[in-house]
Amino acid sequence: MQQTASHDMQEMLKGFVQPWYQALADPATAQQAVLQRLLQGYAHTAYGQDHHAHTVTTIEEYRQAFPIITYEDIKPLIKRTMAGETNLLLSEPPIGWAITRGTTKGESKFIPMTPTDLKMRVSAGRALIHYALHTGRLDIFQGVNLNLNFPSVVGKVRVGDREVEYGYSSGIYVKHVSRSTPLRSLPTQDEIDALGGGKTIQDWERRFELAYERCKDENVTVVGGVAPTAITFGRYLRRAHRVYPKDLWHVQVMTLGSVPGINTHYAPALRAMYGPAAILEIYGATEGMFGQQRDERRAWVPNYDLFFFEVETRRGLVMLHEMRPGEMGSLVVSTPVLPRYKIGDLILAFDAPYFRCIGRDEPLTPWRYFWNRLVSLDFGPP
């Protein structure tokens, strides 16, 4: 009976990552299929109709019909969408509004999340599932995921005569999807949300104390969330309870995102606090989950089956899978909500299909990246 259950779980997990594997084997075909799927959705929005989405069939036609946009470009339509004109950008009603932790000209960005978009964010679990299948450590799923994600409801914003709730994309994702995943998360997102959306030190200490109380007697096998938050939590435990996470739990895997350098700059502090866990990088943003680590290579691998990826490089605009090893460029993503959206991240290509996000698309970012590699003695391949 136990062997049957284990086999069934293996088959379920394989089905979860198989589309990712297939897309990596033939990214050009996968990207063409993604574009056609996205265009079908765009054709049901006012923005897509204005750019003749229903007549577009090729990548070249897509580039001619739809301009590359930034958040500032699309911001007026975002505001109107929040006010109730959802058909401007969305082919289905939003289930939530996510805000960025970073800022654009001093303001947080507001990004709508739709049911289709939410289903795609489940891809964040691909790194953990691939690791479990590759290592045979299915016992990971018998433990608990220490949930250090941000609140799904932070506040409300008035748009016209309406009030719209907003929160962080990671919290919205956990709130809607965690019940259908094989790994239990504690604290639950409802418990985190009940503490409010404050951002002060005291607010975060209340969340950390909740996480400690809910998990101190549990078998925590996975830690998920934002890398700096995981480090801050470890320091809080040491200060408040005189223990490190490794004194309480045998953490096997950490799936972390939100900042560059997780496997280089942050890894020593994470392992000092949590023990010799596997650190798996998730490359995502408020706009979507775009890739995750596949193996011991300290780089992420794109979700070619979910999003459409272009890159502005020195030699011109290319597809992400067309980048050459050592080449850098500014990433342009197409999501169910945002066509040809310049996300503002600078991408570095290694041998296919490995990439790193090295920081924001700013002139000094490459210099900072190579300096950090130098001081951390990170001279080899990823």
# chains A, B, ... in the order shown; residues from 1 in each chain; ligands from 1

$ select_by_dssp --residues "region 225-259 of chain A" --states "strand (DSSP E or B)" --output "PyMOL selection string"
chain A and resi 225-226+253-257

$ write_last_selection --atoms "C-alpha atoms" --output "compact mmCIF listing (two decimals), in the first residue's frame"
# COMPACT_ATOMS: atom_id res chain seq x y z
CA GLY A 225 10.03 32.92 0.76
CA VAL A 226 12.33 35.90 0.32
CA VAL A 253 15.54 22.52 1.10
CA MET A 254 15.23 26.29 0.94
CA THR A 255 13.32 27.72 -2.05
CA LEU A 256 14.05 31.42 -2.03
CA GLY A 257 13.72 34.38 -4.36

$ residues_around --residues "Pro228 (chain A)" --least-positions-apart "5" --cutoff "12 Å" --atoms "only C-alpha atoms" --output "compact mmCIF listing (two decimals) with N, CA and C atoms, in the first residue's frame"
# COMPACT_ATOMS: atom_id res chain seq x y z
N LEU A 148 7.35 32.01 5.30
CA LEU A 148 7.85 33.34 5.64
C LEU A 148 7.43 34.37 4.59
N ASN A 149 6.32 34.08 3.88
CA ASN A 149 5.86 34.98 2.85
C ASN A 149 5.18 36.22 3.43
N PHE A 233 14.70 36.39 9.86
CA PHE A 233 14.02 35.47 10.78
C PHE A 233 15.02 34.69 11.63
N GLY A 234 16.11 34.21 10.99
CA GLY A 234 17.14 33.51 11.74
C GLY A 234 17.75 34.37 12.83
N ARG A 235 18.00 35.63 12.53
CA ARG A 235 18.55 36.55 13.53
C ARG A 235 17.56 36.81 14.64
N LEU A 256 14.03 30.01 -2.36
CA LEU A 256 14.05 31.42 -2.03
C LEU A 256 14.18 32.28 -3.29
N GLY A 257 13.66 33.48 -3.22
CA GLY A 257 13.72 34.38 -4.36
C GLY A 257 13.80 35.83 -3.94
N SER A 258 13.52 36.70 -4.91
CA SER A 258 13.36 38.13 -4.74
C SER A 258 14.62 38.97 -4.89
N VAL A 259 15.80 38.38 -4.73
CA VAL A 259 17.04 39.15 -4.83
C VAL A 259 18.08 38.38 -5.64
N PRO A 260 19.00 39.07 -6.30
CA PRO A 260 20.11 38.38 -6.96
C PRO A 260 21.09 37.85 -5.90
N GLY A 261 21.90 36.87 -6.31
CA GLY A 261 22.98 36.40 -5.47
C GLY A 261 22.59 35.45 -4.35
N ILE A 262 21.46 34.77 -4.48
CA ILE A 262 21.01 33.88 -3.41
C ILE A 262 22.00 32.75 -3.18
N HIS A 265 26.02 35.33 -2.69
CA HIS A 265 26.13 36.33 -1.63
C HIS A 265 25.41 35.90 -0.35
N TYR A 266 24.21 35.32 -0.48
CA TYR A 266 23.40 35.00 0.70
C TYR A 266 23.66 33.60 1.25
N ALA A 267 24.21 32.70 0.45
CA ALA A 267 24.33 31.30 0.86
C ALA A 267 25.10 31.08 2.16
N ALA A 269 25.45 32.91 4.90
CA ALA A 269 24.64 33.26 6.07
C ALA A 269 23.46 32.30 6.23
N LEU A 270 22.84 31.92 5.11
CA LEU A 270 21.71 31.00 5.19
C LEU A 270 22.13 29.65 5.76

$ atom_distance --atom1 "CA of Ile358 (chain A)" --atom2 "CA of Gly284 (chain A)"
13.1 Å

$ closest_residue --among "A:Ile69, A:Ala278, A:Val17, A:Ala132" --to "Gly344 (chain A)" --atoms "only C-alpha atoms"
A:Ile69

$ closest_residue --among "A:Val157, A:Val164, A:Val301, A:Met120" --to "Gly84 (chain A)" --atoms "only C-alpha atoms"
A:Val164

$ atom_distance --atom1 "CA of Trp97 (chain A)" --atom2 "CA of Thr286 (chain A)"
9.8 Å

$ closest_residue --among "A:Arg158, A:Lys14, A:Lys119, A:His52" --to "Leu306 (chain A)" --atoms "only C-alpha atoms"
A:Lys119

$ closest_residue --among "A:Leu338, A:Ala272, A:Val144, A:Leu128" --to "Leu89 (chain A)" --atoms "only C-alpha atoms"
A:Leu338
